[in-house]
$ cat upload_14.json   # JSON, N, CA and C atoms
[["chain", "number", "residue", "atom", "x", "y", "z"],
["A", 240, "MET", "N", 5.16, -24.74, -128.75],
["A", 240, "MET", "CA", 4.33, -24.03, -129.68],
["A", 240, "MET", "C", 2.85, -24.19, -129.31],
["A", 241, "VAL", "N", 2.44, -25.41, -128.97],
["A", 241, "VAL", "CA", 1.05, -25.66, -128.61],
["A", 241, "VAL", "C", 0.68, -24.83, -127.38],
["A", 242, "ASN", "N", 1.56, -24.79, -126.38],
["A", 242, "ASN", "CA", 1.28, -24.02, -125.18],
["A", 242, "ASN", "C", 1.09, -22.54, -125.51],
["A", 243, "LYS", "N", 1.89, -22.01, -126.43],
["A", 243, "LYS", "CA", 1.77, -20.61, -126.82],
["A", 243, "LYS", "C", 0.41, -20.34, -127.45],
["A", 244, "PHE", "N", -0.01, -21.20, -128.37],
["A", 244, "PHE", "CA", -1.32, -21.02, -129.00],
["A", 244, "PHE", "C", -2.45, -21.14, -127.98],
["A", 245, "MET", "N", -2.32, -22.09, -127.06],
["A", 245, "MET", "CA", -3.36, -22.25, -126.04],
["A", 245, "MET", "C", -3.47, -21.02, -125.16],
["A", 246, "SER", "N", -2.34, -20.37, -124.90],
["A", 246, "SER", "CA", -2.36, -19.19, -124.03],
["A", 246, "SER", "C", -3.22, -18.07, -124.62],
["A", 247, "PHE", "N", -3.39, -18.04, -125.93],
["A", 247, "PHE", "CA", -4.24, -17.03, -126.56],
["A", 247, "PHE", "C", -5.72, -17.30, -126.32],
["A", 248, "ALA", "N", -6.08, -18.54, -126.06],
["A", 248, "ALA", "CA", -7.49, -18.93, -125.94],
["A", 248, "ALA", "C", -7.96, -19.06, -124.49],
["A", 249, "LEU", "N", -7.02, -19.14, -123.57],
["A", 249, "LEU", "CA", -7.37, -19.38, -122.17],
["A", 249, "LEU", "C", -7.36, -18.10, -121.35],
["A", 250, "PRO", "N", -8.07, -18.09, -120.23],
["A", 250, "PRO", "CA", -8.01, -16.93, -119.34],
["A", 250, "PRO", "C", -6.57, -16.68, -118.89],
["A", 251, "VAL", "N", -6.24, -15.42, -118.67],
["A", 251, "VAL", "CA", -4.90, -15.04, -118.24],
["A", 251, "VAL", "C", -4.52, -15.82, -116.98],
["A", 252, "GLY", "N", -3.33, -16.38, -116.99],
["A", 252, "GLY", "CA", -2.83, -17.13, -115.84],
["A", 252, "GLY", "C", -3.19, -18.61, -115.85],
["A", 253, "SER", "N", -4.00, -19.03, -116.80],
["A", 253, "SER", "CA", -4.39, -20.44, -116.88],
["A", 253, "SER", "C", -3.28, -21.28, -117.50],
["A", 254, "THR", "N", -3.33, -22.57, -117.23],
["A", 254, "THR", "CA", -2.39, -23.50, -117.83],
["A", 254, "THR", "C", -3.16, -24.40, -118.81],
["A", 255, "LYS", "N", -2.43, -25.28, -119.46],
["A", 255, "LYS", "CA", -3.07, -26.19, -120.40],
["A", 255, "LYS", "C", -4.01, -27.18, -119.70],
["A", 256, "ASP", "N", -4.00, -27.21, -118.37],
["A", 256, "ASP", "CA", -4.91, -28.07, -117.62],
["A", 256, "ASP", "C", -6.26, -27.42, -117.35],
["A", 257, "HIS", "N", -6.50, -26.23, -117.90],
["A", 257, "HIS", "CA", -7.79, -25.57, -117.75],
["A", 257, "HIS", "C", -8.87, -26.45, -118.39],
["A", 258, "PRO", "N", -10.07, -26.50, -117.83],
["A", 258, "PRO", "CA", -11.14, -27.37, -118.37],
["A", 258, "PRO", "C", -11.47, -27.13, -119.85],
["A", 259, "ILE", "N", -11.22, -25.93, -120.36],
["A", 259, "ILE", "CA", -11.49, -25.67, -121.78],
["A", 259, "ILE", "C", -10.61, -26.55, -122.66],
["A", 260, "THR", "N", -9.36, -26.72, -122.27],
["A", 260, "THR", "CA", -8.42, -27.50, -123.08],
["A", 260, "THR", "C", -8.12, -28.87, -122.50],
["A", 261, "CYS", "N", -8.55, -29.11, -121.29],
["A", 261, "CYS", "CA", -8.32, -30.41, -120.66],
["A", 261, "CYS", "C", -9.56, -30.83, -119.88],
["A", 262, "PRO", "N", -10.61, -31.25, -120.60],
["A", 262, "PRO", "CA", -11.87, -31.59, -119.92],
["A", 262, "PRO", "C", -11.77, -32.81, -119.01],
["A", 263, "MET", "N", -10.64, -33.51, -119.06],
["A", 263, "MET", "CA", -10.49, -34.66, -118.18],
["A", 263, "MET", "C", -9.53, -34.36, -117.02],
["A", 264, "GLY", "N", -9.13, -33.10, -116.90],
["A", 264, "GLY", "CA", -8.17, -32.70, -115.86],
["A", 264, "GLY", "C", -8.81, -32.48, -114.50],
["A", 265, "PRO", "N", -7.97, -32.19, -113.51],
["A", 265, "PRO", "CA", -8.44, -32.05, -112.13],
["A", 265, "PRO", "C", -9.36, -30.85, -111.91],
["A", 266, "GLN", "N", -9.30, -29.84, -112.77],
["A", 266, "GLN", "CA", -10.14, -28.64, -112.61],
["A", 266, "GLN", "C", -11.51, -28.79, -113.30],
["A", 267, "ALA", "N", -11.67, -29.84, -114.07],
["A", 267, "ALA", "CA", -12.89, -30.04, -114.86],
["A", 267, "ALA", "C", -13.93, -30.80, -114.04],
["A", 268, "PRO", "N", -15.21, -30.65, -114.41],
["A", 268, "PRO", "CA", -16.25, -31.44, -113.74],
["A", 268, "PRO", "C", -16.08, -32.92, -114.08],
["A", 269, "PRO", "N", -16.57, -33.81, -113.22],
["A", 269, "PRO", "CA", -16.46, -35.25, -113.50],
["A", 269, "PRO", "C", -17.13, -35.61, -114.83],
["A", 270, "LEU", "N", -16.43, -36.35, -115.65],
["A", 270, "LEU", "CA", -16.97, -36.71, -116.97],
["A", 270, "LEU", "C", -18.19, -37.63, -116.86],
["A", 271, "ALA", "N", -18.20, -38.50, -115.87],
["A", 271, "ALA", "CA", -19.30, -39.45, -115.74],
["A", 271, "ALA", "C", -20.63, -38.74, -115.52],
["A", 272, "ALA", "N", -20.61, -37.54, -114.93],
["A", 272, "ALA", "CA", -21.84, -36.82, -114.65],
["A", 272, "ALA", "C", -22.40, -36.10, -115.87],
["A", 273, "LEU", "N", -21.62, -35.98, -116.92],
["A", 273, "LEU", "CA", -22.06, -35.26, -118.12],
["A", 273, "LEU", "C", -22.97, -36.12, -118.98],
["A", 274, "LYS", "N", -24.06, -35.54, -119.44],
["A", 274, "LYS", "CA", -24.96, -36.23, -120.37],
["A", 274, "LYS", "C", -24.50, -35.89, -121.78],
["A", 275, "LEU", "N", -23.93, -36.85, -122.46],
["A", 275, "LEU", "CA", -23.38, -36.63, -123.79],
["A", 275, "LEU", "C", -23.91, -37.65, -124.79],
["A", 276, "CYS", "N", -24.11, -37.20, -126.00],
["A", 276, "CYS", "CA", -24.47, -38.08, -127.10],
["A", 276, "CYS", "C", -23.22, -38.85, -127.53],
["A", 277, "PRO", "N", -23.40, -39.94, -128.28],
["A", 277, "PRO", "CA", -22.22, -40.62, -128.85],
["A", 277, "PRO", "C", -21.40, -39.62, -129.65],
["A", 278, "MET", "N", -20.08, -39.83, -129.64],
["A", 278, "MET", "CA", -19.21, -38.89, -130.34],
["A", 278, "MET", "C", -18.22, -39.59, -131.25],
["A", 279, "LEU", "N", -17.90, -38.90, -132.32],
["A", 279, "LEU", "CA", -16.89, -39.33, -133.27],
["A", 279, "LEU", "C", -15.74, -38.35, -133.14],
["A", 280, "VAL", "N", -14.56, -38.84, -132.81],
["A", 280, "VAL", "CA", -13.39, -37.99, -132.65],
["A", 280, "VAL", "C", -12.40, -38.33, -133.76],
["A", 281, "MET", "N", -12.08, -37.32, -134.55],
["A", 281, "MET", "CA", -11.13, -37.51, -135.65],
["A", 281, "MET", "C", -9.75, -37.05, -135.20],
["A", 282, "VAL", "N", -8.78, -37.94, -135.34],
["A", 282, "VAL", "CA", -7.42, -37.67, -134.88],
["A", 282, "VAL", "C", -6.48, -37.82, -136.06],
["A", 283, "ALA", "N", -5.59, -36.84, -136.22],
["A", 283, "ALA", "CA", -4.55, -36.92, -137.26],
["A", 283, "ALA", "C", -3.29, -37.47, -136.62],
["A", 284, "GLU", "N", -2.74, -38.50, -137.22],
["A", 284, "GLU", "CA", -1.58, -39.19, -136.65],
["A", 284, "GLU", "C", -0.41, -38.25, -136.37],
["A", 285, "LEU", "N", -0.18, -37.25, -137.22],
["A", 285, "LEU", "CA", 0.97, -36.37, -137.07],
["A", 285, "LEU", "C", 0.62, -35.06, -136.36],
["A", 286, "ASP", "N", -0.57, -34.98, -135.79],
["A", 286, "ASP", "CA", -1.00, -33.78, -135.07],
["A", 286, "ASP", "C", -0.25, -33.66, -133.75],
["A", 287, "LEU", "N", 0.19, -32.46, -133.43],
["A", 287, "LEU", "CA", 0.87, -32.22, -132.15],
["A", 287, "LEU", "C", -0.05, -32.48, -130.97],
["A", 288, "LEU", "N", -1.34, -32.43, -131.19],
["A", 288, "LEU", "CA", -2.33, -32.65, -130.13],
["A", 288, "LEU", "C", -2.82, -34.10, -130.05],
["A", 289, "ARG", "N", -2.28, -34.96, -130.89],
["A", 289, "ARG", "CA", -2.75, -36.34, -130.98],
["A", 289, "ARG", "C", -2.82, -37.05, -129.62],
["A", 290, "ASP", "N", -1.76, -36.98, -128.85],
["A", 290, "ASP", "CA", -1.75, -37.71, -127.58],
["A", 290, "ASP", "C", -2.84, -37.21, -126.63],
["A", 291, "SER", "N", -3.04, -35.89, -126.59],
["A", 291, "SER", "CA", -4.10, -35.33, -125.75],
["A", 291, "SER", "C", -5.47, -35.76, -126.24],
["A", 292, "GLU", "N", -5.64, -35.79, -127.55],
["A", 292, "GLU", "CA", -6.92, -36.20, -128.13],
["A", 292, "GLU", "C", -7.23, -37.66, -127.78],
["A", 293, "LEU", "N", -6.22, -38.52, -127.89],
["A", 293, "LEU", "CA", -6.42, -39.93, -127.57],
["A", 293, "LEU", "C", -6.65, -40.14, -126.07],
["A", 294, "GLU", "N", -5.97, -39.35, -125.25],
["A", 294, "GLU", "CA", -6.20, -39.42, -123.80],
["A", 294, "GLU", "C", -7.64, -39.02, -123.48],
["A", 295, "TYR", "N", -8.11, -37.98, -124.13],
["A", 295, "TYR", "CA", -9.50, -37.53, -123.96],
["A", 295, "TYR", "C", -10.47, -38.66, -124.30],
["A", 296, "CYS", "N", -10.24, -39.33, -125.40],
["A", 296, "CYS", "CA", -11.11, -40.43, -125.82],
["A", 296, "CYS", "C", -11.11, -41.55, -124.79],
["A", 297, "GLU", "N", -9.96, -41.90, -124.29],
["A", 297, "GLU", "CA", -9.86, -42.97, -123.30],
["A", 297, "GLU", "C", -10.57, -42.60, -122.01],
["A", 298, "GLU", "N", -10.41, -41.35, -121.58],
["A", 298, "GLU", "CA", -11.08, -40.91, -120.35],
["A", 298, "GLU", "C", -12.60, -40.89, -120.53],
["A", 299, "MET", "N", -13.05, -40.50, -121.70],
["A", 299, "MET", "CA", -14.49, -40.51, -121.97],
["A", 299, "MET", "C", -15.02, -41.94, -121.95],
["A", 300, "LYS", "N", -14.28, -42.87, -122.53],
["A", 300, "LYS", "CA", -14.70, -44.27, -122.50],
["A", 300, "LYS", "C", -14.75, -44.80, -121.07],
["A", 301, "LYS", "N", -13.73, -44.46, -120.26],
["A", 301, "LYS", "CA", -13.72, -44.89, -118.86],
["A", 301, "LYS", "C", -14.92, -44.34, -118.10],
["A", 302, "ALA", "N", -15.39, -43.16, -118.52],
["A", 302, "ALA", "CA", -16.54, -42.53, -117.88],
["A", 302, "ALA", "C", -17.87, -43.05, -118.43],
["A", 303, "GLY", "N", -17.78, -44.07, -119.29],
["A", 303, "GLY", "CA", -18.99, -44.69, -119.82],
["A", 303, "GLY", "C", -19.59, -44.00, -121.03],
["A", 304, "LYS", "N", -18.83, -43.14, -121.68],
["A", 304, "LYS", "CA", -19.32, -42.44, -122.86],
["A", 304, "LYS", "C", -19.02, -43.25, -124.11],
["A", 305, "GLU", "N", -19.90, -43.13, -125.09],
["A", 305, "GLU", "CA", -19.72, -43.84, -126.36],
["A", 305, "GLU", "C", -18.84, -42.98, -127.28],
["A", 306, "VAL", "N", -17.66, -43.50, -127.59],
["A", 306, "VAL", "CA", -16.68, -42.75, -128.38],
["A", 306, "VAL", "C", -16.15, -43.63, -129.50],
["A", 307, "GLU", "N", -16.18, -43.09, -130.71],
["A", 307, "GLU", "CA", -15.53, -43.73, -131.86],
["A", 307, "GLU", "C", -14.35, -42.85, -132.26],
["A", 308, "VAL", "N", -13.22, -43.47, -132.54],
["A", 308, "VAL", "CA", -12.03, -42.72, -132.95],
["A", 308, "VAL", "C", -11.72, -43.05, -134.40],
["A", 309, "LEU", "N", -11.55, -42.01, -135.19],
["A", 309, "LEU", "CA", -11.12, -42.16, -136.58],
["A", 309, "LEU", "C", -9.70, -41.63, -136.68],
["A", 310, "MET", "N", -8.73, -42.53, -136.81],
["A", 310, "MET", "CA", -7.32, -42.14, -136.93],
["A", 310, "MET", "C", -6.99, -41.92, -138.40],
["A", 311, "ASN", "N", -6.45, -40.76, -138.70],
["A", 311, "ASN", "CA", -6.04, -40.43, -140.06],
["A", 311, "ASN", "C", -4.52, -40.55, -140.15],
["A", 312, "HIS", "N", -4.07, -41.70, -140.60],
["A", 312, "HIS", "CA", -2.64, -42.01, -140.64],
["A", 312, "HIS", "C", -1.91, -41.14, -141.67],
["A", 313, "GLY", "N", -0.75, -40.63, -141.24],
["A", 313, "GLY", "CA", 0.09, -39.83, -142.12],
["A", 313, "GLY", "C", -0.36, -38.39, -142.30],
["A", 314, "MET", "N", -1.41, -37.99, -141.59],
["A", 314, "MET", "CA", -1.96, -36.64, -141.74],
["A", 314, "MET", "C", -1.61, -35.78, -140.53],
["A", 315, "GLY", "N", -1.56, -34.46, -140.75],
["A", 315, "GLY", "CA", -1.27, -33.49, -139.70],
["A", 315, "GLY", "C", -2.53, -32.74, -139.30],
["A", 316, "HIS", "N", -2.36, -31.84, -138.35],
["A", 316, "HIS", "CA", -3.45, -31.05, -137.77],
["A", 316, "HIS", "C", -4.24, -30.31, -138.85],
["A", 317, "SER", "N", -5.55, -30.47, -138.81],
["A", 317, "SER", "CA", -6.48, -29.76, -139.70],
["A", 317, "SER", "C", -6.18, -29.93, -141.18],
["A", 318, "PHE", "N", -5.65, -31.07, -141.57],
["A", 318, "PHE", "CA", -5.29, -31.32, -142.98],
["A", 318, "PHE", "C", -6.49, -31.15, -143.90],
["A", 319, "TYR", "N", -7.68, -31.43, -143.40],
["A", 319, "TYR", "CA", -8.90, -31.38, -144.22],
["A", 319, "TYR", "C", -9.32, -29.96, -144.57],
["A", 320, "PHE", "N", -8.69, -28.95, -143.94],
["A", 320, "PHE", "CA", -8.96, -27.56, -144.29],
["A", 320, "PHE", "C", -8.04, -27.04, -145.39],
["A", 321, "ASN", "N", -7.02, -27.80, -145.73],
["A", 321, "ASN", "CA", -6.03, -27.35, -146.72],
["A", 321, "ASN", "C", -6.51, -27.71, -148.12],
["A", 322, "LYS", "N", -7.27, -26.81, -148.72],
["A", 322, "LYS", "CA", -7.87, -27.05, -150.04],
["A", 322, "LYS", "C", -6.82, -27.35, -151.11],
["A", 323, "ILE", "N", -5.70, -26.66, -151.05],
["A", 323, "ILE", "CA", -4.64, -26.89, -152.04],
["A", 323, "ILE", "C", -4.12, -28.32, -151.92],
["A", 324, "ALA", "N", -3.88, -28.77, -150.69],
["A", 324, "ALA", "CA", -3.39, -30.14, -150.50],
["A", 324, "ALA", "C", -4.42, -31.16, -150.96],
["A", 325, "ILE", "N", -5.68, -30.90, -150.68],
["A", 325, "ILE", "CA", -6.75, -31.82, -151.11],
["A", 325, "ILE", "C", -6.81, -31.89, -152.62],
["A", 326, "ASP", "N", -6.66, -30.75, -153.27],
["A", 326, "ASP", "CA", -6.71, -30.71, -154.74],
["A", 326, "ASP", "C", -5.47, -31.30, -155.39],
["A", 327, "MET", "N", -4.32, -31.19, -154.74],
["A", 327, "MET", "CA", -3.05, -31.57, -155.37],
["A", 327, "MET", "C", -2.52, -32.94, -154.94],
["A", 328, "ASP", "N", -2.93, -33.39, -153.77],
["A", 328, "ASP", "CA", -2.36, -34.63, -153.22],
["A", 328, "ASP", "C", -3.45, -35.69, -153.08],
["A", 329, "PRO", "N", -3.37, -36.76, -153.86],
["A", 329, "PRO", "CA", -4.41, -37.80, -153.80],
["A", 329, "PRO", "C", -4.58, -38.43, -152.41],
["A", 330, "GLU", "N", -3.49, -38.58, -151.67],
["A", 330, "GLU", "CA", -3.59, -39.18, -150.33],
["A", 330, "GLU", "C", -4.39, -38.27, -149.39],
["A", 331, "THR", "N", -4.11, -36.97, -149.43],
["A", 331, "THR", "CA", -4.85, -36.03, -148.59],
["A", 331, "THR", "C", -6.31, -36.01, -149.01],
["A", 332, "ALA", "N", -6.57, -36.01, -150.29],
["A", 332, "ALA", "CA", -7.95, -36.02, -150.79],
["A", 332, "ALA", "C", -8.69, -37.27, -150.32],
["A", 333, "THR", "N", -8.02, -38.40, -150.35],
["A", 333, "THR", "CA", -8.63, -39.66, -149.91],
["A", 333, "THR", "C", -8.99, -39.59, -148.43],
["A", 334, "HIS", "N", -8.07, -39.07, -147.62],
["A", 334, "HIS", "CA", -8.34, -38.95, -146.18],
["A", 334, "HIS", "C", -9.47, -37.96, -145.90],
["A", 335, "ALA", "N", -9.51, -36.85, -146.64],
["A", 335, "ALA", "CA", -10.58, -35.87, -146.46],
["A", 335, "ALA", "C", -11.93, -36.49, -146.81],
["A", 336, "GLN", "N", -11.98, -37.24, -147.89],
["A", 336, "GLN", "CA", -13.23, -37.90, -148.28],
["A", 336, "GLN", "C", -13.63, -38.96, -147.25],
["A", 337, "LYS", "N", -12.63, -39.64, -146.69],
["A", 337, "LYS", "CA", -12.90, -40.65, -145.66],
["A", 337, "LYS", "C", -13.58, -40.01, -144.45],
["A", 338, "ILE", "N", -13.13, -38.81, -144.09],
["A", 338, "ILE", "CA", -13.76, -38.10, -142.97],
["A", 338, "ILE", "C", -15.22, -37.81, -143.28],
["A", 339, "ILE", "N", -15.49, -37.30, -144.47],
["A", 339, "ILE", "CA", -16.87, -37.00, -144.86],
["A", 339, "ILE", "C", -17.72, -38.25, -144.80],
["A", 340, "ASP", "N", -17.21, -39.33, -145.37],
["A", 340, "ASP", "CA", -17.96, -40.60, -145.38],
["A", 340, "ASP", "C", -18.21, -41.11, -143.95],
["A", 341, "GLU", "N", -17.21, -41.00, -143.09],
["A", 341, "GLU", "CA", -17.36, -41.47, -141.71],
["A", 341, "GLU", "C", -18.35, -40.62, -140.93],
["A", 342, "ILE", "N", -18.34, -39.31, -141.16],
["A", 342, "ILE", "CA", -19.31, -38.44, -140.49],
["A", 342, "ILE", "C", -20.73, -38.81, -140.91],
["A", 343, "ILE", "N", -20.93, -39.00, -142.20],
["A", 343, "ILE", "CA", -22.25, -39.39, -142.70],
["A", 343, "ILE", "C", -22.69, -40.72, -142.08],
["A", 344, "SER", "N", -21.80, -41.69, -142.07],
["A", 344, "SER", "CA", -22.10, -43.00, -141.50],
["A", 344, "SER", "C", -22.42, -42.89, -140.00],
["A", 345, "PHE", "N", -21.62, -42.12, -139.29],
["A", 345, "PHE", "CA", -21.83, -41.94, -137.85],
["A", 345, "PHE", "C", -23.19, -41.30, -137.58],
["A", 346, "MET", "N", -23.51, -40.27, -138.35],
["A", 346, "MET", "CA", -24.81, -39.59, -138.15],
["A", 346, "MET", "C", -25.98, -40.52, -138.44],
["A", 347, "LYS", "N", -25.86, -41.36, -139.43],
["A", 347, "LYS", "CA", -26.92, -42.31, -139.75],
["A", 347, "LYS", "C", -27.11, -43.33, -138.63],
["A", 348, "ARG", "N", -26.01, -43.74, -138.01],
["A", 348, "ARG", "CA", -26.07, -44.72, -136.94],
["A", 348, "ARG", "C", -26.56, -44.13, -135.62],
["A", 349, "ASN", "N", -26.38, -42.83, -135.46],
["A", 349, "ASN", "CA", -26.70, -42.21, -134.17],
["A", 349, "ASN", "C", -27.78, -41.17, -134.35]]
$ encode --input "upload_14.json" --output "structure tokens"
Amino acid sequence: MVNKFMSFALPVGSTKDHPITCPMGPQAPPLAALKLCPMLVMVAELDLLRDSELEYCEEMKKAGKEVEVLMNHGMGHSFYFNKIAIDMDPETATHAQKIIDEIISFMKRN
């Protein structure tokens, strides 16, 4: 399913290793050469992209980039956009508020 969705966003004939979706892949520029600000990466534990997101974070750290990871346990992809879930489920609401609080804290520190 993920590959199908990615095919809509990538140039025709590209694979999931295209630099747009795999900035740490063999077709991408070296990460160490990129000038990047500190980053906060939010990962949902149940997200189908979780492993790729965590791999990205590890590769950025290996390249000397400052990366903070916020793991949202028990949550799925883009859970913070589901207004109904936020309004109806206290756990989802708590995780969504945690994201807001962490973004504010991160911005103040950086």
$ closest_residue --input "upload_14.json" --among "A:Leu275, A:Leu285, A:Met314, A:Leu293" --to "A:Thr331" --atoms "all atoms listed in the file"
A:Met314
$ residues_near_point --input "upload_14.json" --point "(-23.5, -41.8, -123.7)" --cutoff "6 Å" --atoms "only N, CA and C atoms" --output "NGL selection string"
:A and (275-277 or 303-305)
$ atom_distance --input "upload_14.json" --atom1 "atom N of A:His312" --atom2 "atom N of A:Met278"
19.5 Å
$ atom_distance --input "upload_14.json" --atom1 "atom N of A:Met263" --atom2 "atom N of A:Tyr295"
7.2 Å
$ select_by_dssp --input "upload_14.json" --residues "stretch 292-326 of chain A" --states "strand (DSSP E or B)" --output "list in words"
Val306, Glu307, Val308, Leu309, Met310 and Asn311 of chain A
$ select_by_dssp --input "upload_14.json" --residues "chain A" --states "helix (DSSP H, G or I)" --output "number ranges by chain"
A: 241-248, 270-272, 289-301, 318-320, 322-327, 329-348
$ residues_around --input "upload_14.json" --residues "stretch 333-341 of chain A" --least-positions-apart "4" --cutoff "7 Å" --atoms "all atoms listed in the file" --output "PDB file with N, CA and C atoms, in the frame of the given file"
ATOM      1  N   ASN A 311      -6.450 -40.760-138.700  1.00  0.00           N
ATOM      2  CA  ASN A 311      -6.040 -40.430-140.060  1.00  0.00           C
ATOM      3  C   ASN A 311      -4.520 -40.550-140.150  1.00  0.00           C
ATOM      4  N   PHE A 318      -5.650 -31.070-141.570  1.00  0.00           N
ATOM      5  CA  PHE A 318      -5.290 -31.320-142.980  1.00  0.00           C
ATOM      6  C   PHE A 318      -6.490 -31.150-143.900  1.00  0.00           C
ATOM      7  N   TYR A 319      -7.680 -31.430-143.400  1.00  0.00           N
ATOM      8  CA  TYR A 319      -8.900 -31.380-144.220  1.00  0.00           C
ATOM      9  C   TYR A 319      -9.320 -29.960-144.570  1.00  0.00           C
ATOM     10  N   ILE A 325      -5.680 -30.900-150.680  1.00  0.00           N
ATOM     11  CA  ILE A 325      -6.750 -31.820-151.110  1.00  0.00           C
ATOM     12  C   ILE A 325      -6.810 -31.890-152.620  1.00  0.00           C
ATOM     13  N   ASP A 328      -2.930 -33.390-153.770  1.00  0.00           N
ATOM     14  CA  ASP A 328      -2.360 -34.630-153.220  1.00  0.00           C
ATOM     15  C   ASP A 328      -3.450 -35.690-153.080  1.00  0.00           C
ATOM     16  N   PRO A 329      -3.370 -36.760-153.860  1.00  0.00           N
ATOM     17  CA  PRO A 329      -4.410 -37.800-153.800  1.00  0.00           C
ATOM     18  C   PRO A 329      -4.580 -38.430-152.410  1.00  0.00           C
ATOM     19  N   PHE A 345     -21.620 -42.120-139.290  1.00  0.00           N
ATOM     20  CA  PHE A 345     -21.830 -41.940-137.850  1.00  0.00           C
ATOM     21  C   PHE A 345     -23.190 -41.300-137.580  1.00  0.00           C
ATOM     22  N   MET A 346     -23.510 -40.270-138.350  1.00  0.00           N
ATOM     23  CA  MET A 346     -24.810 -39.590-138.150  1.00  0.00           C
ATOM     24  C   MET A 346     -25.980 -40.520-138.440  1.00  0.00           C
TER      25      MET A 346
END
$ decode --input "upload_14.json" --residues "stretch 264-298 of chain A" --atoms "C-alpha atoms" --output "CSV table (one decimal), in the first residue's frame"
chain,number,residue,atom,x,y,z
A,264,GLY,CA,19.6,6.3,-0.1
A,265,PRO,CA,22.2,5.8,-2.8
A,266,GLN,CA,20.6,8.3,-5.2
A,267,ALA,CA,20.5,11.1,-2.6
A,268,PRO,CA,23.3,13.7,-1.9
A,269,PRO,CA,25.5,12.9,1.1
A,270,LEU,CA,23.8,13.9,4.3
A,271,ALA,CA,27.0,15.1,5.9
A,272,ALA,CA,27.3,17.9,3.3
A,273,LEU,CA,23.8,19.3,4.0
A,274,LYS,CA,23.5,22.3,6.3
A,275,LEU,CA,20.5,21.6,8.5
A,276,CYS,CA,19.1,23.1,11.6
A,277,PRO,CA,18.3,20.8,14.6
A,278,MET,CA,15.2,18.8,13.8
A,279,LEU,CA,12.4,17.2,15.7
A,280,VAL,CA,11.0,14.1,14.1
A,281,MET,CA,7.6,12.8,15.3
A,282,VAL,CA,7.0,9.1,14.8
A,283,ALA,CA,3.8,7.2,15.4
A,284,GLU,CA,4.5,3.7,16.7
A,285,LEU,CA,1.8,2.1,14.5
A,286,ASP,CA,2.7,4.0,11.4
A,287,LEU,CA,3.5,1.9,8.3
A,288,LEU,CA,6.4,4.3,7.7
A,289,ARG,CA,7.8,4.1,11.2
A,290,ASP,CA,10.9,2.0,10.3
A,291,SER,CA,11.8,4.3,7.5
A,292,GLU,CA,11.4,7.3,9.7
A,293,LEU,CA,13.6,5.8,12.4
A,294,GLU,CA,16.2,4.8,9.8
A,295,TYR,CA,16.2,8.4,8.5
A,296,CYS,CA,16.8,9.7,12.1
A,297,GLU,CA,19.7,7.3,12.6
A,298,GLU,CA,21.3,8.2,9.3
